[in-house]
Amino acid sequence: MAQRAPTAAATPIRQRRWSATDRAGHLDDAVPAGDADVCRTEAASGLLSWFQPARFEGTREGVIHRPGWAGIATPAPYAGFMSPAHDQPGLPADADVIVIGAGLAGLAAARHLQQAGRSVVVLEAAAAPGGRVRTDIVDGFRLDRGFQLYNPTYPEGARVFDHAALDLKGFERGAIVAGQGRRYRLGDPRTHPTWALDALRAPLGGPLGLARFAAYALRCATTDPATLARRTDDPTNRVLTTAGVNADLMSGLVAPFLSGVFLEPELHTSRRFADLILRSFVRGTPSVPARGMQALPDQLAAHIDHLHLNTSVTHVAPGRVRSDQGELTAAAVVVAVGPAQVPTLLPDVPAPTTRACTTWYHVPDQPPAELAFGQA
C-alpha cells in the first residue's frame, strides 16, 4: 500500500476531533493544508482501560514533526490490509480456544496459543482488527485514532512485533517548555547536547532538580522490568517528590508530561507503571509505524489462521459462544474486549472504570520549522 493515499494537491485536510467517550467523530471548519500537523489533546472520563481511573481537566499542545500524520476516529476508509485468512465464508463448529476481540490483547493471545499448537478462532465485531488501535485515511493523510505512540523498548512489543517491518518513524527525544514569555528546549543530552543551556535557563527550579529527576529516570532505565513490577506500589507523585523532584520542575515539566501519558493530573498512578514508562523513554524513541498505528494489529492479524471480522458475539458460556454468524464450542474462551462490552458478555464482571481523551488535529498554514525552533 502506498505511504500516502492519492489526493488532489488543492484538497485541504479539515480540522477534526475525536471523542473516545462517545466514539463519535466531528468535522469542523476547513483549514488550509500545510506541511505539519498540530494536535491539541483534552482528556476527560472515558475508555482507556489500562490507565488508573481519575480525571484530567487540563489541555496540552504539541507539534507532530512528521508531515502528513495526525489522529482521529471518524468513519473513513480503512488504512490497513486484509489477508485471505480474514475473508472466510463461515465459522468452524469448534476449536481448542475461542478469542473474542481482535484488539492487540486478543491478537497477541491468539498468536501465543497458536504457537503452542492450539487451534484458535478469533471473533471480532468490527470490520478490521485493532480495537482502539486503528488508522483511517482522510484527505490523503493516514490518521491514527487518538494520540498514540509506540516505543520499541516496550518489553511485550519487542517480543511480538517485527520492528524492521513496521518501519518505525521516531520523534524528537525532548520537549519544549513555555514560561516567562519564551520557550525552552529540553532534550536527551545524548542526542541534543546543545540544548543543555536552554534547560538550565528554563524556570524549572534549577539544575539540581533536573539532575535528580534524570538520575531517577536513569535508575529506572537500568533496572529490568520484572524488578520494577515488584517495587512498592506507591503513587508516582510521592515517589518523585521523595527522589528530589522540586515543585517547579514537577508543575512545569514532569506533571504535564506524565499526566498526558496517564490521563490524570495528580500522578496517583502506580509508580510501577510510571517507572516502566520512564525506562522506555530513556532506552527507546517514541515512534509511529510508517503506515500508521494500524500496522501493529495488522502485523499480528496476518499470523492468525482463523480471524472472523464483522462477527458480533451475543452470549458467552463455559465452552460455548453464540454470535450473529453461528454458535461455536471450545475447551476455553478468552474474552478480550473493551470495558464497555464487558457487562454484555460477562454480566457478573463489573466494567472497569476508565478514562479517555479528545484529540484535535489540523494542518497549519506555516512550515514545520516555524513551530519547532527550525528543527523540523
# chains A, B, ... in the order shown; residues from 1 in each chain; ligands from 1
>>> closest_atom_pairs(of="stretch 99-149 of chain A", to="stretch 360-367 of chain A", cutoff="10 Å", atoms="only C-alpha atoms", output="JSON lines")
{"residue": "A:Leu143", "atom": "CA", "partner": "A:Tyr361", "partner_atom": "CA", "distance": 9.2}
{"residue": "A:Gly146", "atom": "CA", "partner": "A:Trp360", "partner_atom": "CA", "distance": 8.7}
{"residue": "A:Phe147", "atom": "CA", "partner": "A:Trp360", "partner_atom": "CA", "distance": 9.0}
>>> residues_around(residues="stretch 334-347 of chain A", least_positions_apart="5", cutoff="9 Å", atoms="only C-alpha atoms", output="PyMOL selection string")
chain A and resi 47-49+97-107+109-110+131-132+313-317+352-354
>>> write_last_selection(atoms="N, CA and C atoms", output="short mmCIF file (atom, residue, chain, number, x, y, z; two decimals), in the first residue's frame")
data_model
loop_
_atom_site.label_atom_id
_atom_site.label_comp_id
_atom_site.auth_asym_id
_atom_site.auth_seq_id
_atom_site.Cartn_x
_atom_site.Cartn_y
_atom_site.Cartn_z
N LEU A 47 -12.64 5.83 28.05
CA LEU A 47 -12.39 4.44 27.72
C LEU A 47 -10.94 4.04 27.51
N LEU A 48 -10.02 4.47 28.30
CA LEU A 48 -8.66 3.96 28.18
C LEU A 48 -8.39 3.07 29.39
N SER A 49 -8.63 1.78 29.22
CA SER A 49 -8.76 0.91 30.39
C SER A 49 -7.45 0.59 31.07
N VAL A 97 -9.60 -23.09 21.40
CA VAL A 97 -9.81 -21.83 22.11
C VAL A 97 -10.53 -20.85 21.20
N ILE A 98 -11.52 -20.15 21.74
CA ILE A 98 -12.17 -19.04 21.05
C ILE A 98 -11.72 -17.75 21.73
N VAL A 99 -11.23 -16.80 20.95
CA VAL A 99 -10.84 -15.48 21.46
C VAL A 99 -11.85 -14.47 20.95
N ILE A 100 -12.46 -13.74 21.86
CA ILE A 100 -13.44 -12.72 21.49
C ILE A 100 -12.75 -11.36 21.55
N GLY A 101 -12.60 -10.71 20.42
CA GLY A 101 -11.95 -9.41 20.34
C GLY A 101 -10.62 -9.50 19.63
N ALA A 102 -10.46 -8.70 18.58
CA ALA A 102 -9.22 -8.69 17.80
C ALA A 102 -8.46 -7.39 18.00
N GLY A 103 -8.48 -6.88 19.25
CA GLY A 103 -7.56 -5.80 19.60
C GLY A 103 -6.18 -6.39 19.83
N LEU A 104 -5.24 -5.57 20.28
CA LEU A 104 -3.88 -6.06 20.47
C LEU A 104 -3.83 -7.21 21.48
N ALA A 105 -4.62 -7.13 22.56
CA ALA A 105 -4.59 -8.18 23.57
C ALA A 105 -5.11 -9.49 23.00
N GLY A 106 -6.25 -9.44 22.31
CA GLY A 106 -6.81 -10.65 21.74
C GLY A 106 -5.93 -11.28 20.68
N LEU A 107 -5.36 -10.45 19.81
CA LEU A 107 -4.49 -10.96 18.75
C LEU A 107 -3.22 -11.58 19.31
N ALA A 109 -2.85 -12.87 22.30
CA ALA A 109 -3.21 -14.13 22.97
C ALA A 109 -3.41 -15.23 21.94
N ALA A 110 -4.11 -14.92 20.86
CA ALA A 110 -4.36 -15.92 19.82
C ALA A 110 -3.05 -16.40 19.19
N GLY A 131 -9.10 -2.95 17.46
CA GLY A 131 -9.75 -2.33 18.61
C GLY A 131 -9.56 -0.83 18.60
N ARG A 132 -8.95 -0.29 19.66
CA ARG A 132 -8.71 1.16 19.74
C ARG A 132 -7.52 1.59 18.89
N VAL A 313 -20.47 -11.17 18.96
CA VAL A 313 -20.78 -12.20 19.94
C VAL A 313 -21.93 -11.72 20.82
N THR A 314 -22.93 -12.55 20.98
CA THR A 314 -24.11 -12.17 21.76
C THR A 314 -24.21 -12.88 23.10
N HIS A 315 -23.49 -14.01 23.26
CA HIS A 315 -23.60 -14.76 24.51
C HIS A 315 -22.34 -15.60 24.71
N VAL A 316 -21.86 -15.63 25.95
CA VAL A 316 -20.69 -16.43 26.30
C VAL A 316 -21.05 -17.33 27.48
N ALA A 317 -20.73 -18.60 27.35
CA ALA A 317 -20.90 -19.57 28.43
C ALA A 317 -19.67 -20.45 28.46
N PRO A 352 -14.60 -2.16 34.11
CA PRO A 352 -13.57 -1.31 34.70
C PRO A 352 -13.90 0.17 34.52
N THR A 353 -13.56 0.97 35.52
CA THR A 353 -13.68 2.42 35.41
C THR A 353 -12.51 2.93 34.59
N THR A 354 -12.80 3.69 33.57
CA THR A 354 -11.75 4.05 32.62
C THR A 354 -11.80 5.54 32.28
#
>>> residues_around(residues="stretch 322-325 of chain A", least_positions_apart="6", cutoff="12 Å", atoms="only C-alpha atoms", output="PDB file with N, CA, C and O atoms, in the first residue's frame")
ATOM      1  N   GLN A  88     -13.154 -15.301   5.459  1.00  0.00           N
ATOM      2  CA  GLN A  88     -13.566 -16.688   5.485  1.00  0.00           C
ATOM      3  C   GLN A  88     -15.086 -16.784   5.413  1.00  0.00           C
ATOM      4  O   GLN A  88     -15.806 -15.990   6.012  1.00  0.00           O
ATOM      5  N   PRO A  89     -15.613 -17.773   4.678  1.00  0.00           N
ATOM      6  CA  PRO A  89     -17.044 -17.827   4.410  1.00  0.00           C
ATOM      7  C   PRO A  89     -17.902 -18.176   5.613  1.00  0.00           C
ATOM      8  O   PRO A  89     -19.052 -17.775   5.693  1.00  0.00           O
ATOM      9  N   GLY A  90     -17.403 -18.959   6.562  1.00  0.00           N
ATOM     10  CA  GLY A  90     -18.233 -19.361   7.685  1.00  0.00           C
ATOM     11  C   GLY A  90     -17.405 -19.747   8.881  1.00  0.00           C
ATOM     12  O   GLY A  90     -16.197 -19.973   8.782  1.00  0.00           O
ATOM     13  N   LEU A  91     -18.070 -19.828  10.043  1.00  0.00           N
ATOM     14  CA  LEU A  91     -17.359 -20.166  11.264  1.00  0.00           C
ATOM     15  C   LEU A  91     -17.160 -21.673  11.364  1.00  0.00           C
ATOM     16  O   LEU A  91     -18.035 -22.454  10.981  1.00  0.00           O
ATOM     17  N   PRO A  92     -16.018 -22.105  11.893  1.00  0.00           N
ATOM     18  CA  PRO A  92     -15.872 -23.521  12.208  1.00  0.00           C
ATOM     19  C   PRO A  92     -16.786 -23.886  13.373  1.00  0.00           C
ATOM     20  O   PRO A  92     -17.193 -23.029  14.159  1.00  0.00           O
ATOM     21  N   ALA A  93     -17.103 -25.143  13.490  1.00  0.00           N
ATOM     22  CA  ALA A  93     -18.013 -25.568  14.555  1.00  0.00           C
ATOM     23  C   ALA A  93     -17.350 -25.546  15.924  1.00  0.00           C
ATOM     24  O   ALA A  93     -18.021 -25.327  16.936  1.00  0.00           O
ATOM     25  N   ASP A  94     -16.033 -25.782  15.954  1.00  0.00           N
ATOM     26  CA  ASP A  94     -15.355 -25.828  17.245  1.00  0.00           C
ATOM     27  C   ASP A  94     -13.886 -25.490  17.083  1.00  0.00           C
ATOM     28  O   ASP A  94     -13.370 -25.387  15.965  1.00  0.00           O
ATOM     29  N   ILE A  98     -11.520 -20.154  21.741  1.00  0.00           N
ATOM     30  CA  ILE A  98     -12.171 -19.041  21.046  1.00  0.00           C
ATOM     31  C   ILE A  98     -11.719 -17.754  21.727  1.00  0.00           C
ATOM     32  O   ILE A  98     -11.806 -17.628  22.951  1.00  0.00           O
ATOM     33  N   ILE A 100     -12.465 -13.743  21.857  1.00  0.00           N
ATOM     34  CA  ILE A 100     -13.445 -12.717  21.487  1.00  0.00           C
ATOM     35  C   ILE A 100     -12.755 -11.360  21.554  1.00  0.00           C
ATOM     36  O   ILE A 100     -12.342 -10.913  22.622  1.00  0.00           O
ATOM     37  N   VAL A 122     -10.667 -16.434  16.264  1.00  0.00           N
ATOM     38  CA  VAL A 122     -10.812 -15.078  16.795  1.00  0.00           C
ATOM     39  C   VAL A 122     -12.051 -14.442  16.172  1.00  0.00           C
ATOM     40  O   VAL A 122     -12.197 -14.434  14.946  1.00  0.00           O
ATOM     41  N   LEU A 123     -12.931 -13.915  17.010  1.00  0.00           N
ATOM     42  CA  LEU A 123     -14.169 -13.268  16.562  1.00  0.00           C
ATOM     43  C   LEU A 123     -14.088 -11.779  16.864  1.00  0.00           C
ATOM     44  O   LEU A 123     -13.800 -11.380  17.991  1.00  0.00           O
ATOM     45  N   GLU A 124     -14.344 -10.957  15.861  1.00  0.00           N
ATOM     46  CA  GLU A 124     -14.257  -9.503  16.001  1.00  0.00           C
ATOM     47  C   GLU A 124     -15.496  -8.860  15.385  1.00  0.00           C
ATOM     48  O   GLU A 124     -15.856  -9.145  14.243  1.00  0.00           O
ATOM     49  N   ALA A 125     -16.151  -7.984  16.156  1.00  0.00           N
ATOM     50  CA  ALA A 125     -17.377  -7.342  15.685  1.00  0.00           C
ATOM     51  C   ALA A 125     -17.116  -6.286  14.619  1.00  0.00           C
ATOM     52  O   ALA A 125     -17.971  -6.036  13.764  1.00  0.00           O
ATOM     53  N   HIS A 308     -12.275 -13.912  12.159  1.00  0.00           N
ATOM     54  CA  HIS A 308     -13.564 -13.618  11.538  1.00  0.00           C
ATOM     55  C   HIS A 308     -14.022 -12.225  11.959  1.00  0.00           C
ATOM     56  O   HIS A 308     -14.323 -11.989  13.138  1.00  0.00           O
ATOM     57  N   LEU A 309     -14.075 -11.313  11.002  1.00  0.00           N
ATOM     58  CA  LEU A 309     -14.490  -9.943  11.248  1.00  0.00           C
ATOM     59  C   LEU A 309     -16.002  -9.812  11.068  1.00  0.00           C
ATOM     60  O   LEU A 309     -16.662 -10.740  10.592  1.00  0.00           O
ATOM     61  N   ASN A 310     -16.544  -8.663  11.437  1.00  0.00           N
ATOM     62  CA  ASN A 310     -17.988  -8.413  11.314  1.00  0.00           C
ATOM     63  C   ASN A 310     -18.796  -9.538  11.972  1.00  0.00           C
ATOM     64  O   ASN A 310     -19.853  -9.929  11.474  1.00  0.00           O
ATOM     65  N   THR A 311     -18.295 -10.028  13.092  1.00  0.00           N
ATOM     66  CA  THR A 311     -18.945 -11.128  13.796  1.00  0.00           C
ATOM     67  C   THR A 311     -19.173 -10.708  15.252  1.00  0.00           C
ATOM     68  O   THR A 311     -18.238 -10.649  16.046  1.00  0.00           O
ATOM     69  N   SER A 312     -20.415 -10.406  15.590  1.00  0.00           N
ATOM     70  CA  SER A 312     -20.745  -9.926  16.931  1.00  0.00           C
ATOM     71  C   SER A 312     -21.130 -11.088  17.827  1.00  0.00           C
ATOM     72  O   SER A 312     -22.021 -11.882  17.487  1.00  0.00           O
ATOM     73  N   VAL A 313     -20.474 -11.172  18.959  1.00  0.00           N
ATOM     74  CA  VAL A 313     -20.783 -12.201  19.940  1.00  0.00           C
ATOM     75  C   VAL A 313     -21.931 -11.720  20.821  1.00  0.00           C
ATOM     76  O   VAL A 313     -21.903 -10.597  21.341  1.00  0.00           O
ATOM     77  N   THR A 314     -22.933 -12.555  20.984  1.00  0.00           N
ATOM     78  CA  THR A 314     -24.112 -12.174  21.763  1.00  0.00           C
ATOM     79  C   THR A 314     -24.208 -12.881  23.105  1.00  0.00           C
ATOM     80  O   THR A 314     -24.930 -12.428  24.000  1.00  0.00           O
ATOM     81  N   HIS A 315     -23.491 -14.014  23.257  1.00  0.00           N
ATOM     82  CA  HIS A 315     -23.596 -14.760  24.511  1.00  0.00           C
ATOM     83  C   HIS A 315     -22.339 -15.599  24.708  1.00  0.00           C
ATOM     84  O   HIS A 315     -21.811 -16.178  23.758  1.00  0.00           O
ATOM     85  N   VAL A 316     -21.863 -15.632  25.954  1.00  0.00           N
ATOM     86  CA  VAL A 316     -20.694 -16.429  26.305  1.00  0.00           C
ATOM     87  C   VAL A 316     -21.054 -17.331  27.480  1.00  0.00           C
ATOM     88  O   VAL A 316     -21.638 -16.878  28.474  1.00  0.00           O
ATOM     89  N   VAL A 333     -12.494 -20.208  26.463  1.00  0.00           N
ATOM     90  CA  VAL A 333     -12.898 -18.955  25.825  1.00  0.00           C
ATOM     91  C   VAL A 333     -12.113 -17.817  26.460  1.00  0.00           C
ATOM     92  O   VAL A 333     -12.060 -17.706  27.694  1.00  0.00           O
ATOM     93  N   LEU A 345     -21.151  -9.281  27.820  1.00  0.00           N
ATOM     94  CA  LEU A 345     -20.693 -10.656  27.671  1.00  0.00           C
ATOM     95  C   LEU A 345     -20.493 -11.356  29.007  1.00  0.00           C
ATOM     96  O   LEU A 345     -20.646 -12.573  29.101  1.00  0.00           O
TER      97      LEU A 345
END
>>> closest_residue(among="A:Gly284, A:Gly260, A:Gly130, A:Gly319", to="A:Thr359", atoms="only C-alpha atoms")
A:Gly260
>>> residues_around(residues="A:Asp167", least_positions_apart="3", cutoff="6 Å", atoms="only C-alpha atoms", output="list of chain:residue names")
A:Ala164, A:Pro289, A:Ala290
>>> write_last_selection(atoms="C-alpha atoms", output="short mmCIF file (atom, residue, chain, number, x, y, z; two decimals), in the first residue's frame")
data_model
loop_
_atom_site.label_atom_id
_atom_site.label_comp_id
_atom_site.auth_asym_id
_atom_site.auth_seq_id
_atom_site.Cartn_x
_atom_site.Cartn_y
_atom_site.Cartn_z
CA ALA A 164 12.00 -3.72 10.94
CA PRO A 289 4.94 2.93 12.13
CA ALA A 290 5.33 4.35 8.62
#
>>> select_by_dssp(residues="stretch 202-236 of chain A", states="alpha helix (DSSP H)", output="ChimeraX atom specification")
/A:207-221,225-229,236
>>> atom_distance(atom1="atom CA of A:Thr135", atom2="atom CA of A:Arg111")
21.8 Å
>>> closest_residue(among="A:Ser280, A:Thr191, A:Ser119, A:Thr242", to="A:Ala158", atoms="only C-alpha atoms")
A:Ser280
>>> atom_distance(atom1="atom CA of A:Leu168", atom2="atom CA of A:Ala108")
19.7 Å
>>> residues_around(residues="stretch 202-206 of chain A", least_positions_apart="3", cutoff="9 Å", atoms="only C-alpha atoms", output="VMD selection string")
chain A and resid 177 to 180 183 to 186 197 to 199 209 to 210 246 to 253
>>> write_last_selection(atoms="C-alpha atoms", output="CSV table (one decimal), in the first residue's frame")
chain,number,residue,atom,x,y,z
A,177,VAL,CA,8.6,24.2,27.9
A,178,ALA,CA,6.9,27.6,27.7
A,179,GLY,CA,7.4,30.1,30.6
A,180,GLN,CA,8.4,33.7,31.3
A,183,ARG,CA,10.1,28.8,25.0
A,184,TYR,CA,12.9,26.5,26.2
A,185,ARG,CA,14.1,23.3,24.7
A,186,LEU,CA,14.8,20.3,26.9
A,197,LEU,CA,21.9,25.7,28.2
A,198,ASP,CA,18.2,26.1,27.4
A,199,ALA,CA,17.4,23.5,30.0
A,209,GLY,CA,16.1,19.2,40.4
A,210,LEU,CA,16.8,18.3,36.8
A,246,ASN,CA,11.1,20.1,43.2
A,247,ALA,CA,7.8,21.8,42.9
A,248,ASP,CA,8.8,24.0,39.9
A,249,LEU,CA,10.1,21.0,37.9
A,250,MET,CA,7.0,19.0,38.8
A,251,SER,CA,4.5,21.6,37.8
A,252,GLY,CA,6.4,22.9,34.8
A,253,LEU,CA,7.5,19.7,33.1
>>> select_by_dssp(residues="stretch 152-253 of chain A", states="strand (DSSP E)", output="PDB file with C-alpha atoms, in the first residue's frame")
ATOM      1  CA  LEU A 168       9.178   2.964  12.729  1.00  0.00           C
ATOM      2  CA  LYS A 169       9.482   6.757  12.431  1.00  0.00           C
ATOM      3  CA  GLY A 170      10.858   8.338  15.595  1.00  0.00           C
ATOM      4  CA  GLY A 174      12.819  16.155  24.026  1.00  0.00           C
ATOM      5  CA  ALA A 175      10.204  18.722  24.979  1.00  0.00           C
ATOM      6  CA  ILE A 176       9.501  22.428  24.622  1.00  0.00           C
ATOM      7  CA  VAL A 177       8.615  24.236  27.864  1.00  0.00           C
ATOM      8  CA  ALA A 178       6.864  27.617  27.749  1.00  0.00           C
ATOM      9  CA  GLY A 179       7.428  30.116  30.560  1.00  0.00           C
ATOM     10  CA  ARG A 182       9.532  32.411  25.888  1.00  0.00           C
ATOM     11  CA  ARG A 183      10.063  28.764  25.029  1.00  0.00           C
ATOM     12  CA  TYR A 184      12.862  26.497  26.217  1.00  0.00           C
ATOM     13  CA  ARG A 185      14.094  23.254  24.705  1.00  0.00           C
ATOM     14  CA  LEU A 186      14.815  20.296  26.949  1.00  0.00           C
ATOM     15  CA  GLY A 187      16.221  17.179  25.370  1.00  0.00           C
TER      16      GLY A 187
END
>>> closest_residue(among="A:Gln114, A:Thr285, A:Gln148, A:Thr232", to="A:Cys357", atoms="only C-alpha atoms")
A:Gln148
>>> atom_distance(atom1="atom CA of A:Leu278", atom2="atom CA of A:Pro235")
14.5 Å
>>> closest_residue(among="A:Ala95, A:Ala356, A:Ala221, A:Ala211", to="A:Glu264", atoms="only C-alpha atoms")
A:Ala356
>>> closest_residue(among="A:Ala369, A:Val120, A:Val282, A:Val133", to="A:Cys220", atoms="only C-alpha atoms")
A:Val282
